[in-house]
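Undergrad: Dropping a structure here in structure tokens format, bear with me for questions.
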Amino acid sequence: MQKRFAYALTAGLLSSGAPAGLLGGRLVKKQGGGVSLPQVQRHITDEYASYVFVGATTAVIFGLFGYLLGRKVDALAQLSETDPLTGLLNARGFSARLCDELKRSRRYSEPLTLLFFDLDGLKDINDRHGHRAGSMALRKAARVIRSELRETDVAARWGGDEFTLIAQKTGTETGIALADRIRRRIADRMAAWPLTASVGVATADPQNTAVLDPTALLREADLAMYEAKKRGKNSTFHIRTGKGCPFGLA
């Protein structure tokens with residue numbers, strides 16, 4: 001939104017040259033040669049209303065054009081950061097948000113938990129039912145994840161069959177509970193395929209600057225997800241606490 005108004009303001013300011021150009025052109029034509037400052041002042045005084053009208057309408061028109069251009073730029077930026085299949089953020093958009101949220105976590109000394117999902121069995125669905133069915137399964141999984149988001153949370157399709165989620169103001173225990181709730185809902189909703197999820201959980205501690213690095217946090221969540229897969233898939237795991245919840249014990 002700020003970008004749109006910046007475009008509108010810039011366009012409006014640039015348009016101020018239009019009435020000045022009109023004034024100069026009319027005076028040169030009228031005088032048949034060079035124009036002095038007193039002549040300009042006298043001409044503006046004689047036709048003040050005309051130049052105010054031209055200046056105002058030109059600024060409005062250019063400003064509107066700039067605002068519409070800003071909207072177009074915003075839309076293109078959003079498309080470049082959105083996964084077209086699920087409507088969630090893509091890896092590029094998510095990475096930018098993760099950096100911002102980690103800075104906020106440090107500034108306000110609030111915990112942040114990152115969840116990393118990998119869908120178990122998507123390849124089998126693609127092989128048995130075709131990629132169209134696989135795409136449908138991805139969209140359903142994305143809807144489950146989106147349904148659990150709070151207003152301040154951020155989710156993305158990281159790529160392929162992987163999803164990520166930032167849970168703001170969320171510590172380890174709450175993060176594990178959230179991850180496991182989403183995991184169980186995916187298993188319930190996709191039981192007919194079947195499709196499940198292995199989830200890695202990593203928590204950013206504002207007192208520990210090492211884990212406030214986005215690359216380190218993603219790596220930790222990714223390793224936790226692989227550990228969840230080793231434990232039989234359809235499970236949740238947090239490396240530093242060794243806590244999780246395998247299927248059947250939830």
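Residue names in the structure tokens use chain letters A, B, ... in the order shown, residue numbers from 1 in each chain, and ligand numbers from 1 in the order shown.
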How close does each residue of segment 95-163 of chain A get to segment 187-192 of chain A, giving the shortest atom pair and distance in Å to one decimal for every residue with an atom at most 12 Å away, counting only C-alpha atoms, sorted by chain and residue number, as JSON lines?

TA:
{"residue": "A:Leu119", "atom": "CA", "partner": "A:Ala187", "partner_atom": "CA", "distance": 9.9}
{"residue": "A:Asp120", "atom": "CA", "partner": "A:Ala187", "partner_atom": "CA", "distance": 9.8}
{"residue": "A:Gly121", "atom": "CA", "partner": "A:Met190", "partner_atom": "CA", "distance": 10.6}
{"residue": "A:Leu122", "atom": "CA", "partner": "A:Met190", "partner_atom": "CA", "distance": 10.8}
{"residue": "A:Ile125", "atom": "CA", "partner": "A:Ala192", "partner_atom": "CA", "distance": 10.9}
{"residue": "A:Ala133", "atom": "CA", "partner": "A:Met190", "partner_atom": "CA", "distance": 11.9}
{"residue": "A:Gly134", "atom": "CA", "partner": "A:Met190", "partner_atom": "CA", "distance": 11.6}
{"residue": "A:Met136", "atom": "CA", "partner": "A:Met190", "partner_atom": "CA", "distance": 10.7}
{"residue": "A:Ala137", "atom": "CA", "partner": "A:Met190", "partner_atom": "CA", "distance": 7.7}
{"residue": "A:Leu138", "atom": "CA", "partner": "A:Met190", "partner_atom": "CA", "distance": 10.3}
{"residue": "A:Arg139", "atom": "CA", "partner": "A:Met190", "partner_atom": "CA", "distance": 11.3}
{"residue": "A:Lys140", "atom": "CA", "partner": "A:Met190", "partner_atom": "CA", "distance": 8.1}
{"residue": "A:Ala141", "atom": "CA", "partner": "A:Met190", "partner_atom": "CA", "distance": 8.1}
{"residue": "A:Ala142", "atom": "CA", "partner": "A:Arg189", "partner_atom": "CA", "distance": 11.5}
{"residue": "A:Arg143", "atom": "CA", "partner": "A:Arg189", "partner_atom": "CA", "distance": 10.4}
{"residue": "A:Val144", "atom": "CA", "partner": "A:Arg189", "partner_atom": "CA", "distance": 8.3}
{"residue": "A:Ile145", "atom": "CA", "partner": "A:Arg189", "partner_atom": "CA", "distance": 11.6}

Undergrad: Would you save the residues of that selection, restricted to C-alpha atoms, as a compact mmCIF listing (two decimals), in the first residue's frame?

TA:
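Resulting contents of part31.txt:
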# COMPACT_ATOMS: atom_id res chain seq x y z
CA LEU A 119 4.46 -35.16 3.01
CA ASP A 120 4.92 -38.93 3.29
CA GLY A 121 3.66 -40.87 0.31
CA LEU A 122 3.14 -38.12 -2.27
CA ILE A 125 0.11 -40.96 -5.16
CA ALA A 133 -4.06 -36.34 -8.07
CA GLY A 134 -0.74 -35.37 -6.49
CA MET A 136 -4.90 -32.14 -5.50
CA ALA A 137 -3.28 -33.75 -2.46
CA LEU A 138 -0.86 -30.81 -2.15
CA ARG A 139 -3.74 -28.32 -2.25
CA LYS A 140 -5.64 -30.25 0.43
CA ALA A 141 -2.58 -30.38 2.68
CA ALA A 142 -2.09 -26.63 2.18
CA ARG A 143 -5.72 -26.00 3.18
CA VAL A 144 -5.21 -27.98 6.39
CA ILE A 145 -2.11 -25.95 7.24

Undergrad: Apply DSSP to the structure's backbone, then extract all residues of segment 60-237 of chain A labelled alpha helix (DSSP H) and return them as a tab-separated table (two decimals) with N, CA and C atoms, in the first residue's frame.

TA:
chain	number	residue	atom	x	y	z
A	60	VAL	N	-3.72	15.37	-10.51
A	60	VAL	CA	-4.67	14.30	-10.19
A	60	VAL	C	-4.56	13.16	-11.18
A	61	ILE	N	-4.50	13.51	-12.47
A	61	ILE	CA	-4.43	12.47	-13.51
A	61	ILE	C	-3.13	11.67	-13.38
A	62	PHE	N	-2.01	12.38	-13.25
A	62	PHE	CA	-0.73	11.70	-13.12
A	62	PHE	C	-0.68	10.90	-11.81
A	63	GLY	N	-1.24	11.48	-10.74
A	63	GLY	CA	-1.26	10.77	-9.46
A	63	GLY	C	-2.05	9.48	-9.54
A	64	LEU	N	-3.21	9.53	-10.21
A	64	LEU	CA	-4.02	8.32	-10.38
A	64	LEU	C	-3.28	7.27	-11.20
A	65	PHE	N	-2.61	7.74	-12.25
A	65	PHE	CA	-1.82	6.82	-13.07
A	65	PHE	C	-0.72	6.17	-12.22
A	66	GLY	N	-0.05	6.99	-11.39
A	66	GLY	CA	0.99	6.45	-10.53
A	66	GLY	C	0.45	5.46	-9.53
A	67	TYR	N	-0.74	5.72	-8.98
A	67	TYR	CA	-1.35	4.80	-8.01
A	67	TYR	C	-1.67	3.46	-8.67
A	68	LEU	N	-2.24	3.51	-9.88
A	68	LEU	CA	-2.56	2.27	-10.60
A	68	LEU	C	-1.29	1.51	-10.95
A	69	LEU	N	-0.24	2.25	-11.29
A	69	LEU	CA	1.04	1.60	-11.58
A	69	LEU	C	1.58	0.93	-10.33
A	70	GLY	N	1.43	1.60	-9.17
A	70	GLY	CA	1.87	1.01	-7.92
A	70	GLY	C	1.12	-0.26	-7.60
A	71	ARG	N	-0.19	-0.27	-7.87
A	71	ARG	CA	-0.98	-1.48	-7.65
A	71	ARG	C	-0.47	-2.62	-8.52
A	72	LYS	N	-0.13	-2.30	-9.76
A	72	LYS	CA	0.37	-3.32	-10.67
A	72	LYS	C	1.70	-3.88	-10.17
A	73	VAL	N	2.57	-2.99	-9.69
A	73	VAL	CA	3.86	-3.43	-9.16
A	73	VAL	C	3.65	-4.33	-7.94
A	74	ASP	N	2.71	-3.94	-7.05
A	74	ASP	CA	2.41	-4.76	-5.87
A	74	ASP	C	1.92	-6.14	-6.27
A	75	ALA	N	1.03	-6.17	-7.28
A	75	ALA	CA	0.47	-7.45	-7.73
A	75	ALA	C	1.56	-8.35	-8.30
A	76	LEU	N	2.45	-7.77	-9.10
A	76	LEU	CA	3.54	-8.56	-9.68
A	76	LEU	C	4.49	-9.06	-8.60
A	77	ALA	N	4.76	-8.21	-7.58
A	77	ALA	CA	5.63	-8.63	-6.48
A	77	ALA	C	5.00	-9.78	-5.71
A	78	GLN	N	3.68	-9.69	-5.50
A	78	GLN	CA	2.99	-10.76	-4.77
A	78	GLN	C	3.02	-12.06	-5.56
A	79	LEU	N	2.83	-11.97	-6.88
A	79	LEU	CA	2.87	-13.17	-7.71
A	79	LEU	C	4.26	-13.83	-7.66
A	80	SER	N	5.30	-13.00	-7.61
A	80	SER	CA	6.66	-13.55	-7.60
A	80	SER	C	6.98	-14.26	-6.30
A	91	ALA	N	9.19	-20.31	-1.56
A	91	ALA	CA	10.41	-20.27	-0.75
A	91	ALA	C	11.01	-18.87	-0.71
A	92	ARG	N	10.94	-18.15	-1.83
A	92	ARG	CA	11.50	-16.80	-1.87
A	92	ARG	C	10.76	-15.86	-0.92
A	93	GLY	N	9.44	-15.87	-1.00
A	93	GLY	CA	8.66	-15.00	-0.12
A	93	GLY	C	8.80	-15.39	1.34
A	94	PHE	N	8.86	-16.71	1.60
A	94	PHE	CA	8.97	-17.18	2.97
A	94	PHE	C	10.31	-16.80	3.59
A	95	SER	N	11.38	-16.90	2.82
A	95	SER	CA	12.71	-16.58	3.32
A	95	SER	C	12.78	-15.12	3.78
A	96	ALA	N	12.17	-14.23	2.99
A	96	ALA	CA	12.16	-12.81	3.36
A	96	ALA	C	11.38	-12.60	4.65
A	97	ARG	N	10.23	-13.27	4.78
A	97	ARG	CA	9.42	-13.12	5.99
A	97	ARG	C	10.13	-13.71	7.21
A	98	LEU	N	10.82	-14.82	7.02
A	98	LEU	CA	11.53	-15.45	8.14
A	98	LEU	C	12.60	-14.50	8.69
A	99	CYS	N	13.33	-13.84	7.80
A	99	CYS	CA	14.34	-12.87	8.25
A	99	CYS	C	13.69	-11.75	9.06
A	100	ASP	N	12.57	-11.25	8.56
A	100	ASP	CA	11.87	-10.16	9.26
A	100	ASP	C	11.37	-10.61	10.63
A	101	GLU	N	10.79	-11.82	10.68
A	101	GLU	CA	10.23	-12.30	11.94
A	101	GLU	C	11.32	-12.62	12.97
A	102	LEU	N	12.47	-13.08	12.52
A	102	LEU	CA	13.56	-13.34	13.45
A	102	LEU	C	14.11	-12.03	14.03
A	103	LYS	N	14.15	-10.99	13.21
A	103	LYS	CA	14.56	-9.67	13.71
A	103	LYS	C	13.57	-9.18	14.78
A	104	ARG	N	12.28	-9.40	14.51
A	104	ARG	CA	11.26	-8.98	15.46
A	104	ARG	C	11.36	-9.81	16.74
A	105	SER	N	11.66	-11.09	16.60
A	105	SER	CA	11.82	-11.96	17.77
A	105	SER	C	12.94	-11.47	18.67
A	106	ARG	N	14.04	-11.06	18.05
A	106	ARG	CA	15.17	-10.55	18.82
A	106	ARG	C	14.83	-9.20	19.46
A	107	ARG	N	14.16	-8.34	18.70
A	107	ARG	CA	13.86	-6.99	19.20
A	107	ARG	C	12.97	-7.03	20.43
A	108	TYR	N	11.95	-7.91	20.41
A	108	TYR	CA	10.99	-7.95	21.51
A	108	TYR	C	11.22	-9.11	22.47
A	122	LEU	N	3.61	-38.86	-1.09
A	122	LEU	CA	3.14	-38.12	-2.27
A	122	LEU	C	3.63	-38.76	-3.56
A	123	LYS	N	4.86	-39.28	-3.56
A	123	LYS	CA	5.39	-39.93	-4.75
A	123	LYS	C	4.52	-41.12	-5.14
A	124	ASP	N	4.07	-41.90	-4.16
A	124	ASP	CA	3.21	-43.06	-4.45
A	124	ASP	C	1.89	-42.61	-5.08
A	125	ILE	N	1.35	-41.48	-4.59
A	125	ILE	CA	0.11	-40.96	-5.16
A	125	ILE	C	0.33	-40.56	-6.61
A	126	ASN	N	1.45	-39.87	-6.88
A	126	ASN	CA	1.76	-39.49	-8.26
A	126	ASN	C	1.92	-40.70	-9.16
A	127	ASP	N	2.60	-41.73	-8.63
A	127	ASP	CA	2.86	-42.93	-9.44
A	127	ASP	C	1.58	-43.72	-9.69
A	128	ARG	N	0.72	-43.81	-8.69
A	128	ARG	CA	-0.49	-44.65	-8.80
A	128	ARG	C	-1.66	-43.93	-9.44
A	129	HIS	N	-1.80	-42.63	-9.15
A	129	HIS	CA	-2.99	-41.90	-9.60
A	129	HIS	C	-2.70	-40.76	-10.57
A	131	HIS	N	-0.11	-37.18	-11.67
A	131	HIS	CA	0.31	-35.92	-11.06
A	131	HIS	C	-0.87	-34.99	-10.76
A	132	ARG	N	-1.95	-35.15	-11.47
A	132	ARG	CA	-3.12	-34.33	-11.15
A	132	ARG	C	-3.63	-34.65	-9.74
A	133	ALA	N	-3.66	-35.94	-9.42
A	133	ALA	CA	-4.06	-36.34	-8.07
A	133	ALA	C	-3.05	-35.84	-7.04
A	134	GLY	N	-1.76	-35.87	-7.40
A	134	GLY	CA	-0.74	-35.37	-6.49
A	134	GLY	C	-0.91	-33.88	-6.22
A	135	SER	N	-1.25	-33.13	-7.27
A	135	SER	CA	-1.48	-31.69	-7.09
A	135	SER	C	-2.69	-31.44	-6.19
A	136	MET	N	-3.72	-32.26	-6.35
A	136	MET	CA	-4.90	-32.14	-5.50
A	136	MET	C	-4.54	-32.42	-4.04
A	137	ALA	N	-3.70	-33.42	-3.82
A	137	ALA	CA	-3.28	-33.75	-2.46
A	137	ALA	C	-2.48	-32.60	-1.84
A	138	LEU	N	-1.63	-31.96	-2.63
A	138	LEU	CA	-0.86	-30.81	-2.15
A	138	LEU	C	-1.78	-29.66	-1.75
A	139	ARG	N	-2.81	-29.41	-2.57
A	139	ARG	CA	-3.74	-28.32	-2.25
A	139	ARG	C	-4.51	-28.63	-0.98
A	140	LYS	N	-4.91	-29.88	-0.79
A	140	LYS	CA	-5.64	-30.25	0.43
A	140	LYS	C	-4.76	-30.10	1.67
A	141	ALA	N	-3.51	-30.53	1.56
A	141	ALA	CA	-2.58	-30.38	2.68
A	141	ALA	C	-2.37	-28.90	3.00
A	142	ALA	N	-2.26	-28.07	1.97
A	142	ALA	CA	-2.09	-26.63	2.18
A	142	ALA	C	-3.31	-26.03	2.88
A	143	ARG	N	-4.50	-26.51	2.53
A	143	ARG	CA	-5.72	-26.00	3.18
A	143	ARG	C	-5.74	-26.36	4.67
A	144	VAL	N	-5.27	-27.57	4.98
A	144	VAL	CA	-5.21	-27.98	6.39
A	144	VAL	C	-4.26	-27.05	7.15
A	145	ILE	N	-3.10	-26.82	6.59
A	145	ILE	CA	-2.11	-25.95	7.24
A	145	ILE	C	-2.67	-24.54	7.40
A	146	ARG	N	-3.28	-24.01	6.34
A	146	ARG	CA	-3.82	-22.65	6.40
A	146	ARG	C	-4.93	-22.53	7.45
A	147	SER	N	-5.70	-23.59	7.63
A	147	SER	CA	-6.82	-23.54	8.59
A	147	SER	C	-6.33	-23.43	10.03
A	172	THR	N	8.74	-23.83	22.46
A	172	THR	CA	8.93	-25.21	22.00
A	172	THR	C	7.70	-26.09	22.22
A	173	GLU	N	7.19	-26.11	23.44
A	173	GLU	CA	6.08	-27.02	23.76
A	173	GLU	C	4.84	-26.69	22.92
A	174	THR	N	4.53	-25.40	22.82
A	174	THR	CA	3.36	-25.00	22.02
A	174	THR	C	3.60	-25.29	20.55
A	175	GLY	N	4.84	-25.10	20.09
A	175	GLY	CA	5.16	-25.39	18.70
A	175	GLY	C	5.02	-26.87	18.37
A	176	ILE	N	5.47	-27.73	19.26
A	176	ILE	CA	5.32	-29.17	19.05
A	176	ILE	C	3.84	-29.55	19.00
A	177	ALA	N	3.06	-28.96	19.90
A	177	ALA	CA	1.62	-29.26	19.93
A	177	ALA	C	0.94	-28.81	18.64
A	178	LEU	N	1.33	-27.62	18.14
A	178	LEU	CA	0.76	-27.12	16.88
A	178	LEU	C	1.14	-28.03	15.72
A	179	ALA	N	2.41	-28.39	15.65
A	179	ALA	CA	2.88	-29.27	14.57
A	179	ALA	C	2.13	-30.60	14.59
A	180	ASP	N	1.95	-31.14	15.79
A	180	ASP	CA	1.31	-32.44	15.87
A	180	ASP	C	-0.18	-32.37	15.56
A	181	ARG	N	-0.80	-31.24	15.92
A	181	ARG	CA	-2.21	-31.07	15.58
A	181	ARG	C	-2.41	-31.03	14.06
A	182	ILE	N	-1.54	-30.29	13.36
A	182	ILE	CA	-1.62	-30.23	11.90
A	182	ILE	C	-1.31	-31.60	11.30
A	183	ARG	N	-0.30	-32.29	11.85
A	183	ARG	CA	0.05	-33.62	11.34
A	183	ARG	C	-1.12	-34.58	11.43
A	184	ARG	N	-1.81	-34.57	12.58
A	184	ARG	CA	-2.94	-35.48	12.76
A	184	ARG	C	-4.09	-35.12	11.82
A	185	ARG	N	-4.31	-33.83	11.61
A	185	ARG	CA	-5.40	-33.42	10.71
A	185	ARG	C	-5.10	-33.81	9.26
A	186	ILE	N	-3.83	-33.69	8.85
A	186	ILE	CA	-3.47	-34.12	7.50
A	186	ILE	C	-3.71	-35.62	7.35
A	187	ALA	N	-3.31	-36.41	8.32
A	187	ALA	CA	-3.51	-37.86	8.27
A	187	ALA	C	-4.99	-38.20	8.21
A	188	ASP	N	-5.82	-37.48	8.98
A	188	ASP	CA	-7.26	-37.75	8.99
A	188	ASP	C	-7.90	-37.38	7.65
A	189	ARG	N	-7.55	-36.19	7.14
A	189	ARG	CA	-8.17	-35.71	5.91
A	189	ARG	C	-7.72	-36.51	4.69
A	214	PRO	N	18.47	-17.27	10.08
A	214	PRO	CA	17.44	-18.02	9.36
A	214	PRO	C	17.94	-19.32	8.76
A	215	THR	N	19.18	-19.31	8.25
A	215	THR	CA	19.74	-20.54	7.66
A	215	THR	C	19.90	-21.62	8.72
A	216	ALA	N	20.40	-21.23	9.89
A	216	ALA	CA	20.59	-22.21	10.97
A	216	ALA	C	19.26	-22.76	11.46
A	217	LEU	N	18.25	-21.89	11.55
A	217	LEU	CA	16.95	-22.34	12.03
A	217	LEU	C	16.30	-23.29	11.03
A	218	LEU	N	16.39	-22.97	9.75
A	218	LEU	CA	15.84	-23.85	8.71
A	218	LEU	C	16.56	-25.20	8.72
A	219	ARG	N	17.87	-25.15	8.88
A	219	ARG	CA	18.64	-26.40	8.90
A	219	ARG	C	18.22	-27.27	10.07
A	220	GLU	N	18.03	-26.64	11.22
A	220	GLU	CA	17.63	-27.41	12.41
A	220	GLU	C	16.25	-28.04	12.23
A	221	ALA	N	15.31	-27.26	11.67
A	221	ALA	CA	13.95	-27.79	11.43
A	221	ALA	C	13.99	-28.91	10.40
A	222	ASP	N	14.84	-28.76	9.38
A	222	ASP	CA	14.97	-29.78	8.34
A	222	ASP	C	15.54	-31.07	8.92
A	223	LEU	N	16.57	-30.95	9.77
A	223	LEU	CA	17.15	-32.13	10.40
A	223	LEU	C	16.14	-32.82	11.32
A	224	ALA	N	15.35	-32.02	12.01
A	224	ALA	CA	14.32	-32.59	12.89
A	224	ALA	C	13.28	-33.35	12.06
A	225	MET	N	12.96	-32.80	10.88
A	225	MET	CA	11.99	-33.48	10.01
A	225	MET	C	12.53	-34.83	9.55
A	226	TYR	N	13.81	-34.88	9.18
A	226	TYR	CA	14.41	-36.15	8.76
A	226	TYR	C	14.45	-37.16	9.91
A	227	GLU	N	14.65	-36.66	11.12
A	227	GLU	CA	14.61	-37.54	12.28
A	227	GLU	C	13.21	-38.11	12.48
A	228	ALA	N	12.20	-37.26	12.24
A	228	ALA	CA	10.81	-37.73	12.34
A	228	ALA	C	10.55	-38.83	11.32
A	229	LYS	N	11.13	-38.70	10.12
A	229	LYS	CA	10.95	-39.73	9.09
A	229	LYS	C	11.63	-41.04	9.52
A	230	LYS	N	12.82	-40.90	10.11
A	230	LYS	CA	13.53	-42.10	10.56
A	230	LYS	C	12.74	-42.85	11.62

Undergrad: Work out how far apart atom CA of Arg157 of chain A and atom CA of Lys169 of chain A are and give it in Å to one decimal.

TA: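 Spanning atom CA of Arg157 of chain A to atom CA of Lys169 of chain A is a straight-line distance of 21.5 Å.
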
Undergrad: Please measure the separation of atom CA of Thr203 of chain A and atom CA of Gly242 of chain A, giving the value in Å to one decimal.

TA: 12.7 Å

Undergrad: For Asp153 of chain A, find every residue with an atom within 7 Å (counting only C-alpha atoms), except residues of its own chain fewer than 3 positions away, and show them as an mmCIF file with N, CA, C and O atoms, in the first residue's frame.

TA:
data_model
loop_
_atom_site.group_PDB
_atom_site.id
_atom_site.type_symbol
_atom_site.label_atom_id
_atom_site.label_comp_id
_atom_site.auth_asym_id
_atom_site.auth_seq_id
_atom_site.Cartn_x
_atom_site.Cartn_y
_atom_site.Cartn_z
ATOM 1 N N LEU A 149 -3.619 -21.609 10.909
ATOM 2 C CA LEU A 149 -2.826 -20.393 11.080
ATOM 3 C C LEU A 149 -3.546 -19.367 11.936
ATOM 4 O O LEU A 149 -4.741 -19.130 11.773
ATOM 5 N N ARG A 150 -2.807 -18.756 12.838
ATOM 6 C CA ARG A 150 -3.298 -17.565 13.511
ATOM 7 C C ARG A 150 -3.018 -16.367 12.607
ATOM 8 O O ARG A 150 -2.320 -16.488 11.600
ATOM 9 N N ILE A 166 5.842 -20.433 10.115
ATOM 10 C CA ILE A 166 6.397 -19.628 11.209
ATOM 11 C C ILE A 166 5.290 -19.380 12.215
ATOM 12 O O ILE A 166 4.245 -18.821 11.867
ATOM 13 N N ALA A 167 5.520 -19.784 13.453
ATOM 14 C CA ALA A 167 4.568 -19.522 14.535
ATOM 15 C C ALA A 167 5.183 -18.474 15.460
ATOM 16 O O ALA A 167 6.121 -18.775 16.201
ATOM 17 N N GLN A 168 4.669 -17.270 15.398
ATOM 18 C CA GLN A 168 5.205 -16.183 16.211
ATOM 19 C C GLN A 168 4.808 -16.334 17.679
ATOM 20 O O GLN A 168 3.786 -16.926 18.001
#

Undergrad: So how far away is atom CA of Trp158 of chain A from atom CA of Arg231 of chain A, in Å?

TA: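 One can read the atom CA of Arg231 of chain A to atom CA of Trp158 of chain A distance as 22.4 Å.
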
Undergrad: Could you write out, as a list in words, all the residues of segment 134-223 of chain A that DSSP marks as strand (DSSP E)?

TA: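 Matching residues for strand (DSSP E) in segment 134-223 of chain A are Val154, Ala155, Ala156, Arg157, Trp158, Gly159, Glu162, Phe163, Thr164, Leu165, Ile166, Ala167, Gln168, Thr196, Ala197, Ser198, Val199, Gly200, Val201, Ala202, Thr203 and Ala204 of chain A.
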